[in-house]
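my_file-v9.cif (mmCIF, C-alpha atoms; chains and numbers go by the auth columns) appears below.
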data_run
#
loop_
_atom_site.group_PDB
_atom_site.id
_atom_site.type_symbol
_atom_site.label_atom_id
_atom_site.label_comp_id
_atom_site.label_asym_id
_atom_site.label_seq_id
_atom_site.Cartn_x
_atom_site.Cartn_y
_atom_site.Cartn_z
_atom_site.B_iso_or_equiv
_atom_site.auth_seq_id
_atom_site.auth_asym_id
ATOM 1 C CA MET A 1 5.131 -7.431 32.329 0.00 1 G
ATOM 2 C CA GLU A 2 7.295 -5.298 30.061 0.00 2 G
ATOM 3 C CA ASN A 3 10.326 -7.477 30.773 0.00 3 G
ATOM 4 C CA GLY A 4 8.353 -10.605 29.837 0.00 4 G
ATOM 5 C CA VAL A 5 7.221 -9.060 26.547 0.00 5 G
ATOM 6 C CA LYS A 6 10.755 -7.882 25.852 0.00 6 G
ATOM 7 C CA ARG A 7 12.189 -11.367 26.457 0.00 7 G
ATOM 8 C CA LYS A 8 9.551 -12.882 24.189 0.00 8 G
ATOM 9 C CA LEU A 9 10.395 -10.431 21.416 0.00 9 G
ATOM 10 C CA GLU A 10 14.094 -11.174 21.822 0.00 10 G
ATOM 11 C CA GLU A 11 13.484 -14.930 21.686 0.00 11 G
ATOM 12 C CA GLY A 12 11.409 -14.619 18.504 0.00 12 G
ATOM 13 C CA PRO A 13 8.745 -17.036 17.251 0.00 13 G
ATOM 14 C CA SER A 14 9.214 -20.756 17.717 0.00 14 G
ATOM 15 C CA GLU A 15 9.746 -23.136 14.829 0.00 15 G
ATOM 16 C CA PHE A 16 6.108 -24.201 14.984 0.00 16 G
ATOM 17 C CA GLU A 17 4.900 -20.591 15.038 0.00 17 G
ATOM 18 C CA GLN A 18 7.013 -19.865 11.978 0.00 18 G
ATOM 19 C CA LYS A 19 5.470 -22.873 10.260 0.00 19 G
ATOM 20 C CA VAL A 20 1.976 -21.603 11.061 0.00 20 G
ATOM 21 C CA ARG A 21 2.830 -18.223 9.543 0.00 21 G
ATOM 22 C CA ARG A 22 4.013 -19.905 6.345 0.00 22 G
ATOM 23 C CA THR A 23 0.867 -22.043 6.054 0.00 23 G
ATOM 24 C CA VAL A 24 -2.393 -21.306 4.219 0.00 24 G
ATOM 25 C CA PHE A 25 -5.706 -23.011 4.940 0.00 25 G
ATOM 26 C CA LEU A 26 -7.742 -23.860 1.805 0.00 26 G
ATOM 27 C CA ASP A 27 -11.346 -25.008 1.792 0.00 27 G
ATOM 28 C CA GLU A 28 -14.062 -25.590 -0.779 0.00 28 G
ATOM 29 C CA ILE A 29 -11.733 -28.060 -2.482 0.00 29 G
ATOM 30 C CA ALA A 30 -13.484 -30.491 -4.801 0.00 30 G
ATOM 31 C CA PRO A 31 -13.195 -34.176 -3.850 0.00 31 G
ATOM 32 C CA GLN A 32 -11.514 -34.965 -7.179 0.00 32 G
ATOM 33 C CA VAL A 33 -8.560 -32.637 -6.431 0.00 33 G
ATOM 34 C CA THR A 34 -5.387 -34.507 -5.522 0.00 34 G
ATOM 35 C CA VAL A 35 -2.188 -33.373 -3.855 0.00 35 G
ATOM 36 C CA ALA A 36 -0.422 -33.226 -7.224 0.00 36 G
ATOM 37 C CA ILE A 37 -3.144 -31.002 -8.683 0.00 37 G
ATOM 38 C CA MET A 38 -3.034 -28.690 -5.660 0.00 38 G
ATOM 39 C CA GLN A 39 0.726 -28.378 -5.799 0.00 39 G
ATOM 40 C CA SER A 40 0.661 -27.628 -9.511 0.00 40 G
ATOM 41 C CA ALA A 41 -1.983 -24.920 -9.058 0.00 41 G
ATOM 42 C CA LEU A 42 -0.306 -23.219 -6.097 0.00 42 G
ATOM 43 C CA SER A 43 3.281 -23.335 -7.361 0.00 43 G
ATOM 44 C CA GLN A 44 2.603 -20.101 -9.262 0.00 44 G
ATOM 45 C CA PHE A 45 2.552 -18.243 -5.916 0.00 45 G
ATOM 46 C CA GLY A 46 5.754 -19.734 -4.543 0.00 46 G
ATOM 47 C CA LYS A 47 7.501 -22.884 -3.443 0.00 47 G
ATOM 48 C CA VAL A 48 5.221 -25.377 -1.682 0.00 48 G
ATOM 49 C CA THR A 49 7.208 -27.214 0.995 0.00 49 G
ATOM 50 C CA SER A 50 4.426 -29.389 2.431 0.00 50 G
ATOM 51 C CA MET A 51 0.763 -30.126 1.874 0.00 51 G
ATOM 52 C CA LYS A 52 -1.785 -31.957 3.954 0.00 52 G
ATOM 53 C CA LEU A 53 -5.368 -32.740 2.983 0.00 53 G
ATOM 54 C CA VAL A 54 -7.704 -32.623 5.957 0.00 54 G
ATOM 55 C CA ASN A 55 -10.085 -35.589 5.999 0.00 55 G
ATOM 56 C CA HIS A 56 -13.416 -36.029 7.735 0.00 56 G
ATOM 57 C CA PRO A 57 -12.945 -36.524 11.504 0.00 57 G
ATOM 58 C CA LEU A 58 -15.287 -39.559 11.590 0.00 58 G
ATOM 59 C CA ASP A 59 -14.153 -41.218 8.361 0.00 59 G
ATOM 60 C CA PRO A 60 -10.514 -40.580 7.378 0.00 60 G
ATOM 61 C CA LEU A 61 -11.190 -41.931 3.879 0.00 61 G
ATOM 62 C CA VAL A 62 -13.726 -39.198 3.148 0.00 62 G
ATOM 63 C CA PRO A 63 -12.035 -35.905 2.185 0.00 63 G
ATOM 64 C CA GLN A 64 -13.360 -32.840 3.949 0.00 64 G
ATOM 65 C CA GLY A 65 -12.450 -30.434 1.158 0.00 65 G
ATOM 66 C CA CYS A 66 -9.758 -28.651 3.160 0.00 66 G
ATOM 67 C CA ALA A 67 -5.975 -28.549 3.063 0.00 67 G
ATOM 68 C CA LEU A 68 -3.025 -27.005 4.879 0.00 68 G
ATOM 69 C CA ILE A 69 -0.436 -25.707 2.410 0.00 69 G
ATOM 70 C CA GLU A 70 2.982 -24.660 3.712 0.00 70 G
ATOM 71 C CA PHE A 71 5.106 -22.328 1.590 0.00 71 G
ATOM 72 C CA ALA A 72 8.788 -21.488 1.736 0.00 72 G
ATOM 73 C CA ASN A 73 8.155 -18.166 3.489 0.00 73 G
ATOM 74 C CA GLU A 74 5.399 -16.060 4.991 0.00 74 G
ATOM 75 C CA GLU A 75 5.269 -13.604 2.065 0.00 75 G
ATOM 76 C CA GLN A 76 4.287 -16.354 -0.374 0.00 76 G
ATOM 77 C CA ALA A 77 1.538 -17.589 1.943 0.00 77 G
ATOM 78 C CA MET A 78 0.156 -14.071 2.391 0.00 78 G
ATOM 79 C CA ARG A 79 0.164 -13.621 -1.391 0.00 79 G
ATOM 80 C CA VAL A 80 -2.118 -16.655 -1.794 0.00 80 G
ATOM 81 C CA ALA A 81 -4.524 -15.417 0.894 0.00 81 G
ATOM 82 C CA ALA A 82 -4.639 -11.924 -0.617 0.00 82 G
ATOM 83 C CA THR A 83 -5.228 -13.273 -4.133 0.00 83 G
ATOM 84 C CA THR A 84 -8.226 -15.402 -3.158 0.00 84 G
ATOM 85 C CA ARG A 85 -9.851 -12.423 -1.444 0.00 85 G
ATOM 86 C CA LYS A 86 -9.774 -10.409 -4.662 0.00 86 G
ATOM 87 C CA ASN A 87 -9.943 -13.083 -7.380 0.00 87 G
ATOM 88 C CA LEU A 88 -11.401 -16.529 -7.919 0.00 88 G
ATOM 89 C CA LEU A 89 -8.879 -19.358 -7.646 0.00 89 G
ATOM 90 C CA MET A 90 -9.821 -22.361 -9.748 0.00 90 G
ATOM 91 C CA VAL A 91 -7.906 -25.562 -8.968 0.00 91 G
ATOM 92 C CA GLY A 92 -7.721 -28.400 -11.470 0.00 92 G
ATOM 93 C CA GLY A 93 -10.421 -26.901 -13.706 0.00 93 G
ATOM 94 C CA MET A 94 -13.097 -27.587 -11.116 0.00 94 G
ATOM 95 C CA PRO A 95 -16.229 -25.413 -11.348 0.00 95 G
ATOM 96 C CA ARG A 96 -16.060 -24.005 -7.823 0.00 96 G
ATOM 97 C CA PRO A 97 -13.249 -21.716 -6.643 0.00 97 G
ATOM 98 C CA VAL A 98 -11.322 -22.462 -3.494 0.00 98 G
ATOM 99 C CA ARG A 99 -10.989 -20.086 -0.585 0.00 99 G
ATOM 100 C CA ALA A 100 -7.735 -19.412 1.230 0.00 100 G
ATOM 101 C CA ARG A 101 -6.849 -17.755 4.494 0.00 101 G
ATOM 102 C CA MET A 102 -3.869 -17.722 6.798 0.00 102 G
ATOM 103 C CA ALA A 103 -3.713 -20.783 9.014 0.00 103 G
ATOM 104 C CA SER A 104 -3.814 -20.796 12.809 0.00 104 G
ATOM 105 C CA LYS A 105 -2.236 -23.216 15.248 0.00 105 G
ATOM 106 C CA TYR A 106 -5.649 -24.687 16.113 0.00 106 G
ATOM 107 C CA MET A 107 -5.902 -26.141 12.593 0.00 107 G
ATOM 108 C CA PHE A 108 -2.993 -28.527 13.224 0.00 108 G
ATOM 109 C CA ASP A 109 -3.031 -31.871 15.001 0.00 109 G
ATOM 110 C CA SER A 110 -2.844 -31.670 18.781 0.00 110 G
ATOM 111 C CA ALA A 111 0.095 -34.096 18.761 0.00 111 G
ATOM 112 C CA GLU A 112 2.021 -31.838 16.407 0.00 112 G
ATOM 113 C CA VAL A 113 1.232 -28.812 18.560 0.00 113 G
ATOM 114 C CA GLU A 114 2.399 -30.678 21.665 0.00 114 G
ATOM 115 C CA ARG A 115 5.634 -31.735 19.978 0.00 115 G
ATOM 116 C CA SER A 116 6.194 -28.158 18.892 0.00 116 G
ATOM 117 C CA ASN A 117 5.572 -26.843 22.401 0.00 117 G
ATOM 118 C CA LEU A 118 8.028 -29.341 23.879 0.00 118 G
ATOM 119 C CA HIS A 119 10.604 -28.479 21.258 0.00 119 G
ATOM 120 C CA HIS A 120 10.107 -24.765 21.849 0.00 120 G
ATOM 121 C CA HIS A 121 10.383 -25.269 25.618 0.00 121 G
ATOM 122 C CA HIS A 122 13.624 -27.183 25.128 0.00 122 G
ATOM 123 C CA GLN A 123 14.972 -24.407 22.914 0.00 123 G
ATOM 124 C CA LYS A 124 14.068 -21.801 25.532 0.00 124 G
ATOM 125 C CA GLN A 125 15.843 -23.793 28.238 0.00 125 G
ATOM 126 C CA GLN A 126 18.942 -24.132 26.075 0.00 126 G
ATOM 127 C CA GLN A 127 18.872 -20.430 25.261 0.00 127 G
ATOM 128 C CA LYS A 128 18.438 -19.562 28.939 0.00 128 G
ATOM 129 C CA LYS A 129 21.438 -21.700 29.904 0.00 129 G
ATOM 130 C CA LYS A 130 23.466 -20.101 27.130 0.00 130 G
ATOM 131 C CA GLN A 131 22.538 -16.598 28.310 0.00 131 G
ATOM 132 C CA GLU A 132 23.371 -17.465 31.926 0.00 132 G
ATOM 133 C CA LYS A 133 26.733 -18.859 30.827 0.00 133 G
ATOM 134 C CA GLU A 134 27.480 -15.725 28.794 0.00 134 G
ATOM 135 C CA GLU A 135 26.503 -13.503 31.736 0.00 135 G
ATOM 136 C CA ASP A 136 28.764 -15.504 34.070 0.00 136 G
ATOM 137 C CA GLU A 137 31.658 -15.195 31.626 0.00 137 G
ATOM 138 C CA LYS A 138 31.076 -11.444 31.306 0.00 138 G
ATOM 139 C CA GLU A 139 30.986 -11.062 35.095 0.00 139 G
ATOM 140 C CA LYS A 140 34.214 -13.047 35.480 0.00 140 G
ATOM 141 C CA ALA A 141 35.873 -10.974 32.757 0.00 141 G
ATOM 142 C CA LYS A 142 34.719 -7.779 34.470 0.00 142 G
ATOM 143 C CA GLN A 143 36.085 -8.895 37.833 0.00 143 G
ATOM 144 C CA GLU A 144 39.382 -9.909 36.232 0.00 144 G
ATOM 145 C CA GLU A 145 39.640 -6.534 34.525 0.00 145 G
ATOM 146 C CA GLU A 146 38.964 -4.741 37.812 0.00 146 G
ATOM 147 C CA ARG A 147 41.686 -6.760 39.548 0.00 147 G
ATOM 148 C CA SER A 148 44.200 -6.133 36.788 0.00 148 G
ATOM 149 C CA SER A 149 43.406 -2.414 36.654 0.00 149 G
ATOM 150 C CA LYS A 150 44.579 -2.031 40.254 0.00 150 G
ATOM 151 C CA TRP A 151 48.090 -3.019 39.178 0.00 151 G
ATOM 152 C CA LYS A 152 48.097 -1.144 35.923 0.00 152 G
ATOM 153 C CA LEU A 153 50.706 1.604 35.674 0.00 153 G
ATOM 154 C CA SER A 154 49.892 4.676 33.667 0.00 154 G
ATOM 155 C CA VAL A 155 52.745 5.920 31.481 0.00 155 G
ATOM 156 C CA LEU A 156 53.177 9.660 31.910 0.00 156 G
ATOM 157 C CA THR A 157 54.787 11.601 29.100 0.00 157 G
ATOM 158 C CA LEU A 158 56.663 14.895 29.316 0.00 158 G
ATOM 159 C CA GLY A 159 54.308 17.827 29.514 0.00 159 G
ATOM 160 C CA ASP A 160 51.496 15.634 30.784 0.00 160 G
ATOM 161 C CA ALA A 161 49.455 17.269 33.549 0.00 161 G
ATOM 162 C CA LYS A 162 49.642 14.119 35.646 0.00 162 G
ATOM 163 C CA ARG A 163 53.422 14.007 35.282 0.00 163 G
ATOM 164 C CA ASP A 164 53.761 17.666 36.297 0.00 164 G
ATOM 165 C CA LYS A 165 51.624 17.038 39.345 0.00 165 G
ATOM 166 C CA ALA A 166 53.664 13.961 40.243 0.00 166 G
ATOM 167 C CA GLU A 167 56.929 15.907 39.904 0.00 167 G
ATOM 168 C CA LYS A 168 55.646 18.708 42.142 0.00 168 G
ATOM 169 C CA LEU A 169 54.473 16.191 44.708 0.00 169 G
ATOM 170 C CA LYS A 170 57.895 14.554 44.624 0.00 170 G
ATOM 171 C CA GLN A 171 59.589 17.908 45.224 0.00 171 G
ATOM 172 C CA VAL A 172 57.270 18.735 48.125 0.00 172 G
ATOM 173 C CA ARG A 173 57.992 15.396 49.774 0.00 173 G
ATOM 174 C CA ALA A 174 61.751 15.863 49.318 0.00 174 G
ATOM 175 C CA ARG A 175 61.589 19.327 50.893 0.00 175 G
ATOM 176 C CA GLN A 176 59.528 18.017 53.800 0.00 176 G
ATOM 177 C CA ALA A 177 62.039 15.214 54.357 0.00 177 G
ATOM 178 C CA ALA A 178 64.920 17.741 54.372 0.00 178 G
ATOM 179 C CA GLU A 179 63.093 19.968 56.858 0.00 179 G
ATOM 180 C CA ILE A 180 62.387 17.032 59.156 0.00 180 G
ATOM 181 C CA LYS A 181 66.039 15.975 58.990 0.00 181 G
ATOM 182 C CA MET A 182 67.208 19.509 59.799 0.00 182 G
ATOM 183 C CA LEU A 183 64.825 19.753 62.763 0.00 183 G
ATOM 184 C CA LEU A 184 66.022 16.411 64.119 0.00 184 G
ATOM 185 C CA GLU A 185 69.655 17.473 63.794 0.00 185 G
ATOM 186 C CA LYS A 186 68.893 20.802 65.511 0.00 186 G
ATOM 187 C CA HIS A 187 67.091 19.003 68.304 0.00 187 G
ATOM 188 C CA GLU A 188 70.036 16.639 68.753 0.00 188 G
ATOM 189 C CA GLU A 189 72.451 19.582 68.926 0.00 189 G
ATOM 190 C CA GLN A 190 70.295 21.328 71.526 0.00 190 G
ATOM 191 C CA ARG A 191 70.026 18.150 73.574 0.00 191 G
ATOM 192 C CA ALA A 192 73.801 17.658 73.468 0.00 192 G
ATOM 193 C CA GLU A 193 74.392 21.297 74.435 0.00 193 G
ATOM 194 C CA LEU A 194 71.974 21.027 77.364 0.00 194 G
ATOM 195 C CA HIS A 195 73.639 17.830 78.539 0.00 195 G
ATOM 196 C CA LYS A 196 77.041 19.506 78.330 0.00 196 G
ATOM 197 C CA ARG A 197 75.851 22.510 80.318 0.00 197 G
ATOM 198 C CA GLN A 198 74.320 20.269 82.959 0.00 198 G
ATOM 199 C CA GLU A 199 77.562 18.308 83.304 0.00 199 G
ATOM 200 C CA SER A 200 79.544 21.526 83.621 0.00 200 G
ATOM 201 C CA HIS A 201 77.123 22.886 86.217 0.00 201 G
ATOM 202 C CA TRP A 202 77.355 19.817 88.405 0.00 202 G
ATOM 203 C CA GLU A 203 81.135 19.732 88.126 0.00 203 G
ATOM 204 C CA ASP A 204 81.261 23.323 89.383 0.00 204 G
ATOM 205 C CA GLU A 205 78.924 22.493 92.222 0.00 205 G
ATOM 206 C CA PHE A 206 80.995 19.470 93.224 0.00 206 G
ATOM 207 C CA LYS A 207 84.158 21.602 93.223 0.00 207 G
ATOM 208 C CA LYS A 208 82.527 24.189 95.460 0.00 208 G
ATOM 209 C CA LEU A 209 81.421 21.509 97.863 0.00 209 G
ATOM 210 C CA ASP A 210 84.897 19.994 98.009 0.00 210 G
ATOM 211 C CA ALA A 211 86.437 23.433 98.605 0.00 211 G
ATOM 212 C CA ILE A 212 84.076 24.161 101.471 0.00 212 G
ATOM 213 C CA ASN A 213 84.762 20.811 103.095 0.00 213 G
ATOM 214 C CA LYS A 214 88.505 21.405 102.892 0.00 214 G
ATOM 215 C CA ALA A 215 88.247 24.892 104.458 0.00 215 G
ATOM 216 C CA GLY A 216 87.980 23.379 107.907 0.00 216 G
ATOM 217 C CA LYS A 217 85.222 25.684 109.044 0.00 217 G
ATOM 218 C CA GLN A 218 82.785 23.246 110.510 0.00 218 G
ATOM 219 C CA HIS A 219 80.156 25.862 111.280 0.00 219 G
ATOM 220 C CA GLY A 220 80.138 27.111 107.720 0.00 220 G
ATOM 221 C CA VAL A 221 80.051 23.554 106.403 0.00 221 G
ATOM 222 C CA ASP A 222 77.006 22.671 108.473 0.00 222 G
ATOM 223 C CA GLU A 223 75.136 25.742 107.282 0.00 223 G
ATOM 224 C CA LEU A 224 75.971 24.961 103.683 0.00 224 G
ATOM 225 C CA ARG A 225 74.902 21.355 104.038 0.00 225 G
ATOM 226 C CA ALA A 226 71.666 22.442 105.680 0.00 226 G
ATOM 227 C CA PHE A 227 71.070 24.851 102.796 0.00 227 G
ATOM 228 C CA PHE A 228 71.383 21.989 100.338 0.00 228 G
ATOM 229 C CA GLY A 229 69.216 19.747 102.528 0.00 229 G
ATOM 230 C CA MET A 230 72.079 17.352 103.199 0.00 230 G
ATOM 231 C CA GLY A 231 71.889 17.390 106.982 0.00 231 G
ATOM 232 C CA PRO A 232 74.810 17.856 109.383 0.00 232 G
ATOM 233 C CA GLN A 233 78.068 16.140 108.627 0.00 233 G
ATOM 234 C CA GLN A 234 78.684 12.968 110.631 0.00 234 G
ATOM 235 C CA LYS A 235 81.681 13.136 112.976 0.00 235 G
#

Kindly present the structure from the file in structure tokens form.
Amino acid sequence: MENGVKRKLEEGPSEFEQKVRRTVFLDEIAPQVTVAIMQSALSQFGKVTSMKLVNHPLDPLVPQGCALIEFANEEQAMRVAATTRKNLLMVGGMPRPVRARMASKYMFDSAEVERSNLHHHHQKQQQKKKQEKEEDEKEKAKQEEERSSKWKLSVLTLGDAKRDKAEKLKQVRARQAAEIKMLLEKHEEQRAELHKRQESHWEDEFKKLDAINKAGKQHGVDELRAFFGMGPQQK
């Protein structure tokens, strides 16, 4: 409900509603009063933009003594209505004063009201399309800005807290890389040393085995082979 009222306030009055606000309804007009006389009498209150005498509904040729007077703005129309409430308004020297009050939309022709409603509806549709288009453009601009911000580089000046933090982070990463490199080199040295020791150990063992075989002591050779799980030597 509040959103509907808010939208209506933002849209403002239609062209027909503005016309109604600028219009004054006069009655008790003498039959001898013409449009020219009415315009001359009311021009003292402001600029009259249109005037329509309301005739009898059954006989259009018989004046009903009423008129719809449209002024240039609402203030002028309200001035006429306020004046007739406090003072007598004589038009064309006629003996009876006229009465004035602010007009309402029900005082206008139904065809004119219908045309105004259609025009106002068309304006609302155009305004709605315009707002939707503006919202779409804003959303696209927002999305484009979000995409571009991901690639935006911030320029860090000397002494900036962000720059100091970035420099410290860079130093920490460099130190970590150096430590990892040193550990890998140490591991490689240890692996090479172990491989060298293993090679030396097996060379010594092979030499011992060759020496025992060359000794010619078959009994001792068999015991040694059994100790190593090699089985007796084939003859």

Selection: 12 Å around range 32-47 of chain G, only C-alpha atoms, excl. self and same-chain fewer than 5 positions, as a ChimeraX atom specification: /G:22-24,26-27,52-54,62-84,89-98,100

Output for the residues just chosen: C-alpha atoms as a PDB file, keeping the file's coordinate frame:
ATOM      1  CA  ARG G  22       4.013 -19.905   6.345  1.00  0.00           C
ATOM      2  CA  THR G  23       0.867 -22.043   6.054  1.00  0.00           C
ATOM      3  CA  VAL G  24      -2.393 -21.306   4.219  1.00  0.00           C
ATOM      4  CA  LEU G  26      -7.742 -23.860   1.805  1.00  0.00           C
ATOM      5  CA  ASP G  27     -11.346 -25.008   1.792  1.00  0.00           C
ATOM      6  CA  LYS G  52      -1.785 -31.957   3.954  1.00  0.00           C
ATOM      7  CA  LEU G  53      -5.368 -32.740   2.983  1.00  0.00           C
ATOM      8  CA  VAL G  54      -7.704 -32.623   5.957  1.00  0.00           C
ATOM      9  CA  VAL G  62     -13.726 -39.198   3.148  1.00  0.00           C
ATOM     10  CA  PRO G  63     -12.035 -35.905   2.185  1.00  0.00           C
ATOM     11  CA  GLN G  64     -13.360 -32.840   3.949  1.00  0.00           C
ATOM     12  CA  GLY G  65     -12.450 -30.434   1.158  1.00  0.00           C
ATOM     13  CA  CYS G  66      -9.758 -28.651   3.160  1.00  0.00           C
ATOM     14  CA  ALA G  67      -5.975 -28.549   3.063  1.00  0.00           C
ATOM     15  CA  LEU G  68      -3.025 -27.005   4.879  1.00  0.00           C
ATOM     16  CA  ILE G  69      -0.436 -25.707   2.410  1.00  0.00           C
ATOM     17  CA  GLU G  70       2.982 -24.660   3.712  1.00  0.00           C
ATOM     18  CA  PHE G  71       5.106 -22.328   1.590  1.00  0.00           C
ATOM     19  CA  ALA G  72       8.788 -21.488   1.736  1.00  0.00           C
ATOM     20  CA  ASN G  73       8.155 -18.166   3.489  1.00  0.00           C
ATOM     21  CA  GLU G  74       5.399 -16.060   4.991  1.00  0.00           C
ATOM     22  CA  GLU G  75       5.269 -13.604   2.065  1.00  0.00           C
ATOM     23  CA  GLN G  76       4.287 -16.354  -0.374  1.00  0.00           C
ATOM     24  CA  ALA G  77       1.538 -17.589   1.943  1.00  0.00           C
ATOM     25  CA  MET G  78       0.156 -14.071   2.391  1.00  0.00           C
ATOM     26  CA  ARG G  79       0.164 -13.621  -1.391  1.00  0.00           C
ATOM     27  CA  VAL G  80      -2.118 -16.655  -1.794  1.00  0.00           C
ATOM     28  CA  ALA G  81      -4.524 -15.417   0.894  1.00  0.00           C
ATOM     29  CA  ALA G  82      -4.639 -11.924  -0.617  1.00  0.00           C
ATOM     30  CA  THR G  83      -5.228 -13.273  -4.133  1.00  0.00           C
ATOM     31  CA  THR G  84      -8.226 -15.402  -3.158  1.00  0.00           C
ATOM     32  CA  LEU G  89      -8.879 -19.358  -7.646  1.00  0.00           C
ATOM     33  CA  MET G  90      -9.821 -22.361  -9.748  1.00  0.00           C
ATOM     34  CA  VAL G  91      -7.906 -25.562  -8.968  1.00  0.00           C
ATOM     35  CA  GLY G  92      -7.721 -28.400 -11.470  1.00  0.00           C
ATOM     36  CA  GLY G  93     -10.421 -26.901 -13.706  1.00  0.00           C
ATOM     37  CA  MET G  94     -13.097 -27.587 -11.116  1.00  0.00           C
ATOM     38  CA  PRO G  95     -16.229 -25.413 -11.348  1.00  0.00           C
ATOM     39  CA  ARG G  96     -16.060 -24.005  -7.823  1.00  0.00           C
ATOM     40  CA  PRO G  97     -13.249 -21.716  -6.643  1.00  0.00           C
ATOM     41  CA  VAL G  98     -11.322 -22.462  -3.494  1.00  0.00           C
ATOM     42  CA  ALA G 100      -7.735 -19.412   1.230  1.00  0.00           C
TER      43      ALA G 100
END

Two-atom distance - CA of His201 in chain G, CA of Met182 in chain G (Å): 28.4 Å

Coordinates-based distance that separates CA of Arg101 in chain G from CA of Leu88 in chain G (Å, one decimal): 13.3 Å

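The gap separating CA of Lys196 in chain G from CA of Ala178 in chain G is 26.9 Å, in Å to one decimal.
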